[in-house]
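Shown below: target_36.cif, with mmCIF, C-alpha atoms.
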```
data_entry
#
loop_
_atom_site.group_PDB
_atom_site.id
_atom_site.type_symbol
_atom_site.label_atom_id
_atom_site.label_comp_id
_atom_site.auth_asym_id
_atom_site.auth_seq_id
_atom_site.Cartn_x
_atom_site.Cartn_y
_atom_site.Cartn_z
ATOM 1 C CA MET A 1 0.000 0.000 0.000
ATOM 2 C CA LYS A 2 2.797 2.408 0.945
ATOM 3 C CA LYS A 3 4.639 1.521 -2.261
ATOM 4 C CA SER A 4 1.556 2.282 -4.391
ATOM 5 C CA LEU A 5 1.027 5.587 -2.602
ATOM 6 C CA LEU A 6 4.662 6.518 -3.133
ATOM 7 C CA SER A 7 4.389 5.720 -6.851
ATOM 8 C CA LEU A 8 1.249 7.844 -7.109
ATOM 9 C CA LEU A 9 2.971 10.755 -5.399
ATOM 10 C CA LEU A 10 5.948 10.473 -7.736
ATOM 11 C CA VAL A 11 3.684 10.523 -10.808
ATOM 12 C CA LEU A 12 1.825 13.544 -9.402
ATOM 13 C CA ALA A 13 5.087 15.366 -8.696
ATOM 14 C CA LEU A 14 6.330 14.663 -12.220
ATOM 15 C CA SER A 15 3.066 15.910 -13.727
ATOM 16 C CA LEU A 16 3.239 19.116 -11.710
ATOM 17 C CA SER A 17 6.843 19.593 -12.763
ATOM 18 C CA LEU A 18 5.961 19.207 -16.444
ATOM 19 C CA CYS A 19 3.069 21.639 -16.112
ATOM 20 C CA ALA A 20 5.312 24.221 -14.463
ATOM 21 C CA PHE A 21 7.859 23.816 -17.263
ATOM 22 C CA ALA A 22 5.229 24.390 -19.927
ATOM 23 C CA GLU A 23 3.464 27.322 -18.296
ATOM 24 C CA THR A 24 2.777 30.499 -20.264
ATOM 25 C CA PRO A 25 5.916 32.667 -20.579
ATOM 26 C CA VAL A 26 6.021 35.907 -18.601
ATOM 27 C CA THR A 27 9.000 37.366 -20.489
ATOM 28 C CA ASP A 28 9.786 37.304 -24.182
ATOM 29 C CA ARG A 29 13.080 36.095 -25.698
ATOM 30 C CA ALA A 30 14.560 39.573 -25.330
ATOM 31 C CA GLY A 31 13.768 39.533 -21.596
ATOM 32 C CA ASN A 32 10.882 41.996 -21.766
ATOM 33 C CA PRO A 33 7.920 41.328 -19.438
ATOM 34 C CA VAL A 34 4.832 40.237 -21.371
ATOM 35 C CA THR A 35 1.274 39.242 -20.587
ATOM 36 C CA LEU A 36 0.242 36.731 -23.204
ATOM 37 C CA PRO A 37 -3.410 36.217 -24.157
ATOM 38 C CA ALA A 38 -4.788 32.789 -23.288
ATOM 39 C CA ASP A 39 -5.380 31.684 -26.877
ATOM 40 C CA PRO A 40 -4.133 34.145 -29.523
ATOM 41 C CA GLN A 41 -6.357 33.979 -32.603
ATOM 42 C CA LYS A 42 -5.306 37.102 -34.531
ATOM 43 C CA VAL A 43 -1.533 37.246 -34.924
ATOM 44 C CA VAL A 44 0.718 39.728 -36.687
ATOM 45 C CA CYS A 45 4.103 38.091 -37.310
ATOM 46 C CA LEU A 46 6.871 40.479 -38.375
ATOM 47 C CA ASN A 47 9.611 37.898 -37.897
ATOM 48 C CA SER A 48 10.316 35.600 -40.852
ATOM 49 C CA ALA A 49 12.016 32.889 -38.793
ATOM 50 C CA ALA A 50 9.069 32.786 -36.400
ATOM 51 C CA CYS A 51 6.668 32.742 -39.335
ATOM 52 C CA GLN A 52 8.257 29.534 -40.604
ATOM 53 C CA THR A 53 7.912 28.000 -37.148
ATOM 54 C CA LEU A 54 4.240 28.979 -37.036
ATOM 55 C CA GLU A 55 3.891 27.097 -40.316
ATOM 56 C CA THR A 56 5.567 24.043 -38.755
ATOM 57 C CA LEU A 57 3.206 24.260 -35.777
ATOM 58 C CA GLY A 58 0.163 24.505 -38.070
ATOM 59 C CA LEU A 59 -0.725 28.047 -37.015
ATOM 60 C CA LEU A 60 -0.709 29.962 -40.296
ATOM 61 C CA ASP A 61 -4.478 30.336 -40.114
ATOM 62 C CA ARG A 62 -3.986 32.631 -37.096
ATOM 63 C CA LEU A 63 -2.013 35.183 -39.127
ATOM 64 C CA VAL A 64 -3.676 38.464 -40.060
ATOM 65 C CA ALA A 65 -0.484 40.209 -41.274
ATOM 66 C CA VAL A 66 3.222 39.506 -41.825
ATOM 67 C CA ASP A 67 6.463 41.303 -42.628
ATOM 68 C CA THR A 68 7.502 41.907 -46.235
ATOM 69 C CA TYR A 69 10.070 39.074 -46.214
ATOM 70 C CA SER A 70 7.954 36.216 -44.863
ATOM 71 C CA PRO A 71 6.117 35.514 -48.158
ATOM 72 C CA MET A 72 9.555 34.682 -49.629
ATOM 73 C CA TYR A 73 9.944 31.846 -47.134
ATOM 74 C CA VAL A 74 6.374 30.701 -46.487
ATOM 75 C CA SER A 75 3.892 30.097 -49.279
ATOM 76 C CA GLY A 76 0.302 31.295 -49.121
ATOM 77 C CA LEU A 77 0.963 34.627 -47.383
ATOM 78 C CA ASP A 78 0.806 36.960 -50.383
ATOM 79 C CA SER A 79 -2.807 37.928 -49.735
ATOM 80 C CA LEU A 80 -2.118 39.119 -46.181
ATOM 81 C CA PRO A 81 -1.244 42.735 -45.310
ATOM 82 C CA GLN A 82 2.536 43.162 -45.201
ATOM 83 C CA PHE A 83 4.537 45.593 -43.079
ATOM 84 C CA ASP A 84 8.115 46.835 -43.036
ATOM 85 C CA MET A 85 9.544 45.374 -39.824
ATOM 86 C CA MET A 86 11.956 48.302 -39.503
ATOM 87 C CA ASN A 87 9.343 50.989 -40.056
ATOM 88 C CA PRO A 88 5.939 49.484 -39.260
ATOM 89 C CA ASP A 89 2.682 51.326 -39.776
ATOM 90 C CA ILE A 90 1.483 51.146 -36.191
ATOM 91 C CA GLU A 91 -1.911 52.664 -36.939
ATOM 92 C CA GLN A 92 -2.682 50.032 -39.569
ATOM 93 C CA ILE A 93 -1.429 47.196 -37.365
ATOM 94 C CA ALA A 94 -3.579 48.436 -34.486
ATOM 95 C CA GLY A 95 -6.550 48.544 -36.858
ATOM 96 C CA LEU A 96 -6.208 44.778 -37.336
ATOM 97 C CA GLU A 97 -6.909 44.364 -33.600
ATOM 98 C CA PRO A 98 -4.277 41.646 -33.115
ATOM 99 C CA ASP A 99 -4.117 39.502 -29.982
ATOM 100 C CA LEU A 100 -0.380 39.040 -30.460
ATOM 101 C CA VAL A 101 2.377 40.753 -32.428
ATOM 102 C CA ILE A 102 5.648 38.864 -32.959
ATOM 103 C CA ILE A 103 8.702 40.947 -33.840
ATOM 104 C CA THR A 104 12.448 40.480 -34.262
ATOM 105 C CA GLY A 105 15.311 42.197 -32.469
ATOM 106 C CA MET A 106 16.184 43.966 -35.734
ATOM 107 C CA SER A 107 13.157 46.203 -35.268
ATOM 108 C CA GLY A 108 14.782 48.119 -32.416
ATOM 109 C CA ILE A 109 18.233 48.350 -33.928
ATOM 110 C CA SER A 110 18.046 52.154 -34.003
ATOM 111 C CA GLY A 111 17.616 52.232 -30.229
ATOM 112 C CA ASP A 112 13.937 53.145 -30.240
ATOM 113 C CA ASN A 113 11.090 50.663 -29.978
ATOM 114 C CA PRO A 114 8.732 51.445 -32.868
ATOM 115 C CA TYR A 115 6.161 49.092 -31.317
ATOM 116 C CA GLN A 116 5.855 50.947 -28.018
ATOM 117 C CA PRO A 117 2.619 52.670 -29.134
ATOM 118 C CA LEU A 118 1.077 49.214 -29.672
ATOM 119 C CA ILE A 119 2.223 48.108 -26.232
ATOM 120 C CA ASP A 120 0.729 51.289 -24.779
ATOM 121 C CA LEU A 121 -2.576 50.304 -26.413
ATOM 122 C CA GLY A 122 -2.477 47.011 -24.532
ATOM 123 C CA VAL A 123 -1.412 44.815 -27.443
ATOM 124 C CA CYS A 124 0.905 41.958 -26.478
ATOM 125 C CA VAL A 125 4.159 42.358 -28.435
ATOM 126 C CA VAL A 126 6.817 39.642 -28.112
ATOM 127 C CA ASP A 127 10.385 40.120 -29.301
ATOM 128 C CA ILE A 128 12.290 37.070 -30.577
ATOM 129 C CA PRO A 129 15.801 38.220 -31.567
ATOM 130 C CA SER A 130 17.773 35.948 -33.882
ATOM 131 C CA SER A 131 19.601 33.516 -31.614
ATOM 132 C CA THR A 132 23.356 33.047 -31.847
ATOM 133 C CA SER A 133 23.402 29.353 -30.895
ATOM 134 C CA ILE A 134 21.552 26.173 -31.794
ATOM 135 C CA GLN A 135 20.371 25.866 -28.200
ATOM 136 C CA GLY A 136 18.999 29.381 -28.446
ATOM 137 C CA VAL A 137 17.145 28.471 -31.637
ATOM 138 C CA GLU A 138 15.552 25.505 -29.877
ATOM 139 C CA GLU A 139 14.531 27.755 -26.976
ATOM 140 C CA ASP A 140 12.980 30.198 -29.461
ATOM 141 C CA ILE A 141 10.848 27.393 -30.886
ATOM 142 C CA LEU A 142 9.678 26.298 -27.434
ATOM 143 C CA PHE A 143 8.897 29.888 -26.475
ATOM 144 C CA LEU A 144 6.804 30.390 -29.588
ATOM 145 C CA ALA A 145 4.946 27.123 -29.006
ATOM 146 C CA ASP A 146 4.316 28.117 -25.380
ATOM 147 C CA CYS A 147 2.773 31.396 -26.571
ATOM 148 C CA PHE A 148 -0.028 29.262 -28.028
ATOM 149 C CA GLY A 149 -0.210 26.650 -25.285
ATOM 150 C CA MET A 150 1.445 24.101 -27.592
ATOM 151 C CA HIS A 151 4.473 23.086 -25.562
ATOM 152 C CA GLU A 152 4.324 19.408 -26.514
ATOM 153 C CA ASP A 153 4.166 20.286 -30.213
ATOM 154 C CA GLY A 154 7.135 22.610 -29.816
ATOM 155 C CA GLN A 155 9.054 19.939 -27.931
ATOM 156 C CA ALA A 156 8.375 17.465 -30.744
ATOM 157 C CA VAL A 157 9.876 19.920 -33.258
ATOM 158 C CA VAL A 158 12.934 20.417 -31.047
ATOM 159 C CA ASP A 159 13.337 16.670 -30.504
ATOM 160 C CA GLN A 160 13.320 16.078 -34.265
ATOM 161 C CA MET A 161 15.921 18.818 -34.676
ATOM 162 C CA GLN A 162 18.110 17.392 -31.963
ATOM 163 C CA ALA A 163 17.975 13.887 -33.437
ATOM 164 C CA LYS A 164 19.478 15.201 -36.696
ATOM 165 C CA ILE A 165 22.014 17.314 -34.833
ATOM 166 C CA ASP A 166 23.115 14.334 -32.749
ATOM 167 C CA ALA A 167 23.471 12.169 -35.866
ATOM 168 C CA VAL A 168 25.694 14.785 -37.518
ATOM 169 C CA ALA A 169 27.689 15.468 -34.360
ATOM 170 C CA ALA A 170 28.411 11.764 -33.831
ATOM 171 C CA ILE A 171 30.044 11.561 -37.257
ATOM 172 C CA GLY A 172 31.678 14.956 -36.967
ATOM 173 C CA ALA A 173 33.433 13.883 -33.770
ATOM 174 C CA THR A 174 35.212 11.105 -35.671
ATOM 175 C CA ILE A 175 36.689 13.378 -38.335
ATOM 176 C CA THR A 176 40.363 14.108 -37.697
ATOM 177 C CA ASP A 177 41.362 15.620 -41.054
ATOM 178 C CA LYS A 178 39.452 18.851 -40.557
ATOM 179 C CA LYS A 179 38.818 20.909 -43.671
ATOM 180 C CA THR A 180 38.717 24.698 -43.515
ATOM 181 C CA VAL A 181 35.504 26.336 -44.706
ATOM 182 C CA LEU A 182 34.561 29.803 -45.906
ATOM 183 C CA PHE A 183 30.800 30.338 -45.895
ATOM 184 C CA GLU A 184 29.630 33.335 -47.917
ATOM 185 C CA ILE A 185 26.253 34.849 -47.177
ATOM 186 C CA SER A 186 26.979 37.739 -49.528
ATOM 187 C CA ALA A 187 29.182 37.663 -52.634
ATOM 188 C CA LEU A 188 31.624 40.091 -54.186
ATOM 189 C CA PRO A 189 31.924 43.031 -54.239
ATOM 190 C CA ALA A 190 30.812 42.876 -50.599
ATOM 191 C CA ILE A 191 31.622 39.476 -49.109
ATOM 192 C CA TYR A 192 29.818 38.809 -45.867
ATOM 193 C CA SER A 193 30.459 35.836 -43.595
ATOM 194 C CA PHE A 194 30.574 35.046 -39.874
ATOM 195 C CA GLY A 195 32.839 34.140 -36.985
ATOM 196 C CA SER A 196 32.219 32.628 -33.580
ATOM 197 C CA ASP A 197 29.091 33.252 -31.502
ATOM 198 C CA THR A 198 26.833 32.450 -34.459
ATOM 199 C CA PHE A 199 24.758 29.327 -34.991
ATOM 200 C CA MET A 200 26.346 28.988 -38.442
ATOM 201 C CA ASP A 201 29.847 28.760 -36.964
ATOM 202 C CA GLU A 202 28.548 26.143 -34.534
ATOM 203 C CA MET A 203 27.198 24.144 -37.483
ATOM 204 C CA ILE A 204 30.573 24.160 -39.235
ATOM 205 C CA THR A 205 32.171 22.848 -36.049
ATOM 206 C CA LEU A 206 29.511 20.147 -35.662
ATOM 207 C CA ILE A 207 30.230 18.654 -39.086
ATOM 208 C CA GLY A 208 33.902 18.328 -38.144
ATOM 209 C CA ALA A 209 35.267 21.311 -40.087
ATOM 210 C CA THR A 210 36.879 24.640 -39.168
ATOM 211 C CA ASN A 211 35.508 28.084 -39.995
ATOM 212 C CA VAL A 212 38.323 30.144 -41.568
ATOM 213 C CA PHE A 213 37.021 33.194 -39.702
ATOM 214 C CA GLY A 214 36.264 31.386 -36.459
ATOM 215 C CA ASP A 215 38.872 33.486 -34.652
ATOM 216 C CA GLN A 216 36.639 36.523 -35.176
ATOM 217 C CA GLN A 217 33.209 37.145 -33.687
ATOM 218 C CA GLY A 218 29.717 37.634 -35.036
ATOM 219 C CA TRP A 219 28.600 38.476 -38.565
ATOM 220 C CA LEU A 220 31.484 39.864 -40.622
ATOM 221 C CA ALA A 221 32.192 42.036 -43.635
ATOM 222 C CA VAL A 222 35.194 40.362 -45.275
ATOM 223 C CA ALA A 223 37.770 42.040 -47.505
ATOM 224 C CA GLU A 224 38.445 40.086 -50.699
ATOM 225 C CA GLU A 225 42.169 39.844 -49.956
ATOM 226 C CA ASP A 226 41.402 38.360 -46.520
ATOM 227 C CA ALA A 227 39.134 35.739 -48.052
ATOM 228 C CA VAL A 228 41.825 34.763 -50.572
ATOM 229 C CA ALA A 229 44.522 34.709 -47.884
ATOM 230 C CA ALA A 230 42.366 32.400 -45.737
ATOM 231 C CA ASN A 231 42.754 29.808 -48.534
ATOM 232 C CA PRO A 232 39.765 27.647 -47.544
ATOM 233 C CA ASP A 233 39.580 23.988 -48.533
ATOM 234 C CA VAL A 234 35.856 24.388 -49.198
ATOM 235 C CA ILE A 235 33.672 27.391 -49.976
ATOM 236 C CA LEU A 236 29.955 27.267 -49.199
ATOM 237 C CA THR A 237 27.483 29.925 -50.313
ATOM 238 C CA ASN A 238 23.811 30.554 -49.635
ATOM 239 C CA VAL A 239 23.664 33.617 -51.882
ATOM 240 C CA ASN A 240 20.311 33.561 -53.687
ATOM 241 C CA TYR A 241 20.370 36.825 -55.619
ATOM 242 C CA LEU A 242 22.789 35.583 -58.312
ATOM 243 C CA ASP A 243 21.822 33.158 -61.066
ATOM 244 C CA ASP A 244 24.926 31.033 -60.453
ATOM 245 C CA PRO A 245 26.673 31.882 -57.159
ATOM 246 C CA VAL A 246 28.948 28.838 -57.390
ATOM 247 C CA GLY A 247 30.017 29.738 -60.922
ATOM 248 C CA GLU A 248 30.642 33.329 -59.835
ATOM 249 C CA ILE A 249 33.078 32.150 -57.143
ATOM 250 C CA LEU A 250 34.850 29.693 -59.449
ATOM 251 C CA ALA A 251 35.353 32.437 -62.087
ATOM 252 C CA ARG A 252 36.738 35.138 -59.788
ATOM 253 C CA PRO A 253 39.998 36.636 -61.070
ATOM 254 C CA GLY A 254 42.817 36.127 -58.576
ATOM 255 C CA TRP A 255 41.084 33.206 -56.844
ATOM 256 C CA GLU A 256 42.466 30.459 -59.068
ATOM 257 C CA ASN A 257 45.062 29.445 -56.464
ATOM 258 C CA VAL A 258 42.573 29.258 -53.593
ATOM 259 C CA THR A 259 42.369 25.554 -52.760
ATOM 260 C CA ALA A 260 38.561 25.396 -52.864
ATOM 261 C CA VAL A 261 38.477 27.039 -56.296
ATOM 262 C CA ALA A 262 41.437 25.113 -57.721
ATOM 263 C CA GLU A 263 39.877 21.796 -56.645
ATOM 264 C CA GLY A 264 36.268 22.727 -57.478
ATOM 265 C CA GLN A 265 35.144 22.450 -53.855
ATOM 266 C CA VAL A 266 32.493 25.199 -53.984
ATOM 267 C CA TYR A 267 28.899 24.328 -53.093
ATOM 268 C CA ALA A 268 25.526 26.051 -52.768
ATOM 269 C CA ILE A 269 23.570 25.653 -49.525
ATOM 270 C CA ASP A 270 19.839 26.306 -49.515
ATOM 271 C CA ASN A 271 19.247 29.907 -48.484
ATOM 272 C CA THR A 272 15.838 29.298 -46.943
ATOM 273 C CA ALA A 273 17.198 26.581 -44.651
ATOM 274 C CA SER A 274 20.373 28.375 -43.635
ATOM 275 C CA SER A 275 19.466 32.041 -43.337
ATOM 276 C CA LEU A 276 16.748 31.978 -40.685
ATOM 277 C CA ALA A 277 17.300 30.844 -37.103
ATOM 278 C CA ASN A 278 14.636 28.183 -36.713
ATOM 279 C CA GLU A 279 14.058 24.438 -37.054
ATOM 280 C CA HIS A 280 15.107 24.406 -40.720
ATOM 281 C CA ILE A 281 18.783 24.998 -39.890
ATOM 282 C CA VAL A 282 19.174 21.239 -39.397
ATOM 283 C CA ASP A 283 18.393 20.758 -43.099
ATOM 284 C CA ALA A 284 21.211 23.175 -43.905
ATOM 285 C CA LEU A 285 23.426 21.333 -41.398
ATOM 286 C CA VAL A 286 22.967 18.067 -43.306
ATOM 287 C CA GLU A 287 23.587 19.865 -46.635
ATOM 288 C CA MET A 288 26.808 21.332 -45.274
ATOM 289 C CA ALA A 289 27.968 17.960 -43.941
ATOM 290 C CA LEU A 290 27.345 16.246 -47.288
ATOM 291 C CA ALA A 291 29.086 19.034 -49.201
ATOM 292 C CA VAL A 292 32.229 19.114 -47.076
ATOM 293 C CA TYR A 293 32.536 15.402 -46.219
ATOM 294 C CA PRO A 294 30.363 13.465 -48.703
ATOM 295 C CA ASP A 295 31.885 10.071 -47.907
ATOM 296 C CA ALA A 296 31.673 10.407 -44.122
ATOM 297 C CA TYR A 297 28.033 11.502 -44.219
ATOM 298 C CA ALA A 298 26.831 9.293 -47.085
ATOM 299 C CA GLU A 299 24.358 7.533 -44.789
ATOM 300 C CA LEU A 300 22.561 10.829 -44.135
ATOM 301 C CA ALA A 301 21.832 11.195 -47.838
ATOM 302 C CA LYS A 302 19.752 8.015 -47.905
#
```
What do you get writing this file as structure tokens?
Amino acid sequence: MKKSLLSLLLVLALSLSLCAFAETPVTDRAGNPVTLPADPQKVVCLNSAACQTLETLGLLDRLVAVDTYSPMYVSGLDSLPQFDMMNPDIEQIAGLEPDLVIITGMSGISGDNPYQPLIDLGVCVVDIPSSTSIQGVEEDILFLADCFGMHEDGQAVVDQMQAKIDAVAAIGATITDKKTVLFEISALPAIYSFGSDTFMDEMITLIGATNVFGDQQGWLAVAEEDAVAANPDVILTNVNYLDDPVGEILARPGWENVTAVAEGQVYAIDNTASSLANEHIVDALVEMALAVYPDAYAELAK
């Protein structure tokens, strides 16, 4: 009898613990205090990464407006009102009477919060800045799910992500001949890449490679001569505004002695999967692994 009672108490304690973990957030991902509505039905999402996650969670029918970039990443949004996330029309957004407005940290980059008038009107505005780590991305997903009382659904998305990450990391840990990688997110004449403290740098490390600019920090403007001097073994690009970004790199004058160019080790990585900090980064992670170490990761291609 005592044993049964003890088991019942343990189950009850576990249930209470899980409920506490999944309770409605009281701060957003930027640390701002928020009071979330119980069941948001009318949502304005001015955060493209979050918009993709809402699609994954099956919540697109809640959207009443989006930012101007989201229709590029999520189909079926063209008919919705669209707003400039950097300079939103607060009066028009307020006129939609949203229960919840989801924004990105980019919106306050000037130092002012353009959404303060909405907050003053009593609208719940949650800020989800782009996370710098994979763990942060997973926490963003759980936060967003919790905003809609869908913690278990969010956890399922994160668990699927983590399963792919673990599979890649297990192989990456066995690689001893580490290739150096330059990842371009903008091409000449203005090369843009990244260093440490970015989820993209973490992904390069996970596949068993080394970021040529890993000794620097954050998102970087890179001089052409520095890129050439780095002499990467592999060049990856997610540039999507050129017809042939790989061909552009291979044809660059003065790059013919760069190992990646000389050996034809230049590959395109899907922009949609790699440019937004959400669950789709694991698809880019697998692409990167297969591009840099095709033999080691051949099983992942099946």
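The result of the PyMOL selection byres ((chain A and resi 150) around 12) on the shown file is Cys19, Ala22, Glu23, Thr24, Pro25, Ala38, Asp39, Pro40, Leu54, Thr56, Leu57, Gly58, Leu59, Ile141, Leu142, Phe143, Leu144, Ala145, Asp146, Cys147, Phe148, Gly149, His151, Glu152, Asp153, Gly154, Gln155, Ala156 and Val157 of chain A.
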If the PyMOL selection byres ((chain A and resi 66-80) around 10) is run on the structure shown, which residues does it catch, given as a PyMOL selection string?
chain A and resi 43-55+60+63-65+81-86+88+101-103+271-273+276
Apply the PyMOL selection byres ((chain A and resi 234) around 6) to the file shown and report the selected residues as a CSV table (one decimal) with C-alpha atoms, in the frame of the given file.
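Saved result, selection28.csv, follows:
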```csv
chain,number,residue,atom,x,y,z
A,181,VAL,CA,35.5,26.3,-44.7
A,232,PRO,CA,39.8,27.6,-47.5
A,233,ASP,CA,39.6,24.0,-48.5
A,235,ILE,CA,33.7,27.4,-50.0
A,260,ALA,CA,38.6,25.4,-52.9
A,265,GLN,CA,35.1,22.4,-53.9
A,266,VAL,CA,32.5,25.2,-54.0
```
Residues within 12 Å of Asp270 in chain A, all atoms listed in the file, excluding chain neighbours under 4 positions, as a ChimeraX atom specification
/A:73,185,236-240,245,274-276,280-288,291
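Distance-wise, CA of Asp140 in chain A and CA of Tyr267 in chain A end up 29.1 Å apart.
Considering the residues A:Ile134, A:Ala170, A:Ala94, A:Leu36 and counting all atoms listed in the file, Leu121 in chain A has its shortest atom-to-atom contact with A:Ala94.
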Here's a test: counting all atoms listed in the file, identify every protein, DNA and RNA residue with an atom at most 9 Å from (10.3, 35.5, -24.1) in the file's coordinate frame, and state them as a PDB file with C-alpha atoms, in the coordinates of the input.
```
ATOM      1  CA  PRO A  25       5.916  32.667 -20.579  1.00  0.00           C
ATOM      2  CA  VAL A  26       6.021  35.907 -18.601  1.00  0.00           C
ATOM      3  CA  THR A  27       9.000  37.366 -20.489  1.00  0.00           C
ATOM      4  CA  ASP A  28       9.786  37.304 -24.182  1.00  0.00           C
ATOM      5  CA  ARG A  29      13.080  36.095 -25.698  1.00  0.00           C
ATOM      6  CA  ALA A  30      14.560  39.573 -25.330  1.00  0.00           C
ATOM      7  CA  GLY A  31      13.768  39.533 -21.596  1.00  0.00           C
ATOM      8  CA  ASN A  32      10.882  41.996 -21.766  1.00  0.00           C
ATOM      9  CA  PRO A  33       7.920  41.328 -19.438  1.00  0.00           C
ATOM     10  CA  VAL A  34       4.832  40.237 -21.371  1.00  0.00           C
ATOM     11  CA  VAL A 126       6.817  39.642 -28.112  1.00  0.00           C
ATOM     12  CA  ASP A 127      10.385  40.120 -29.301  1.00  0.00           C
ATOM     13  CA  ILE A 128      12.290  37.070 -30.577  1.00  0.00           C
ATOM     14  CA  ASP A 140      12.980  30.198 -29.461  1.00  0.00           C
ATOM     15  CA  PHE A 143       8.897  29.888 -26.475  1.00  0.00           C
ATOM     16  CA  LEU A 144       6.804  30.390 -29.588  1.00  0.00           C
ATOM     17  CA  CYS A 147       2.773  31.396 -26.571  1.00  0.00           C
TER      18      CYS A 147
END
```
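Of the listed residues (A:Lys164, A:Leu118, A:Ala229, A:Ala187), A:Ala229 comes nearest to Asn257 in chain A; the distances count only C-alpha atoms.
Atom pair CA of Gly122 in chain A / CA of Thr104 in chain A: separated by 19.0 Å.
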Set out as JSON lines a contact list for range 165-189 of chain A and range 211-228 of chain A with a cut-off of 10 Å, giving each residue of range 165-189 of chain A that qualifies its closest atom pair and distance in Å to one decimal, counting all atoms listed in the file, ordered by chain and rising residue number.
```
{"residue": "A:Lys179", "atom": "CA", "partner": "A:Asn211", "partner_atom": "CA", "distance": 8.7}
{"residue": "A:Thr180", "atom": "CA", "partner": "A:Val212", "partner_atom": "CA", "distance": 5.8}
{"residue": "A:Val181", "atom": "CA", "partner": "A:Asn211", "partner_atom": "CA", "distance": 5.0}
{"residue": "A:Leu182", "atom": "CA", "partner": "A:Val212", "partner_atom": "CA", "distance": 5.8}
{"residue": "A:Phe183", "atom": "CA", "partner": "A:Asn211", "partner_atom": "CA", "distance": 7.9}
{"residue": "A:Glu184", "atom": "CA", "partner": "A:Val222", "partner_atom": "CA", "distance": 9.3}
{"residue": "A:Ile185", "atom": "CA", "partner": "A:Trp219", "partner_atom": "CA", "distance": 9.6}
{"residue": "A:Ser186", "atom": "CA", "partner": "A:Ala221", "partner_atom": "CA", "distance": 9.0}
{"residue": "A:Ala187", "atom": "CA", "partner": "A:Glu224", "partner_atom": "CA", "distance": 9.8}
{"residue": "A:Leu188", "atom": "CA", "partner": "A:Glu224", "partner_atom": "CA", "distance": 7.7}
{"residue": "A:Pro189", "atom": "CA", "partner": "A:Glu224", "partner_atom": "CA", "distance": 8.0}
```
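At a cut-off of 7 Å from (47.1, 28.4, -48.7), the residue set is Ala229, Ala230, Asn231, Val258 and Thr259 of chain A (counting all atoms listed in the file).
Here CA of Lys178 in chain A and CA of Asp166 in chain A stand 18.7 Å from one another.
Using only C-alpha atoms for every distance, the candidate list A:Ile93, A:Val125, A:Ala277, A:Ala163 yields A:Val125 as the residue closest to Pro37 in chain A.
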Using all atoms listed in the file, what table do you get, as a Markdown table, when you list each residue of range 94-173 of chain A with an atom no more than 12 Å from range 190-203 of chain A, its nearest pair of atoms, and their distance in Å rounded to one decimal, rows by chain then rising number?
```
| residue | atom | partner | partner_atom | distance |
| --- | --- | --- | --- | --- |
| A:Ser130 | CA | A:Phe199 | CA | 9.7 |
| A:Ser131 | CA | A:Phe199 | CA | 7.5 |
| A:Thr132 | CA | A:Thr198 | CA | 4.4 |
| A:Ser133 | CA | A:Phe199 | CA | 4.3 |
| A:Ile134 | CA | A:Phe199 | CA | 5.5 |
| A:Gln135 | CA | A:Phe199 | CA | 8.8 |
| A:Gly136 | CA | A:Phe199 | CA | 8.7 |
| A:Val137 | CA | A:Phe199 | CA | 8.4 |
| A:Glu138 | CA | A:Phe199 | CA | 11.2 |
| A:Lys164 | CA | A:Met203 | CA | 11.8 |
| A:Ile165 | CA | A:Met203 | CA | 9.0 |
| A:Asp166 | CA | A:Met203 | CA | 11.6 |
| A:Val168 | CA | A:Met203 | CA | 9.5 |
| A:Ala169 | CA | A:Met203 | CA | 9.2 |
| A:Gly172 | CA | A:Met203 | CA | 10.2 |
```
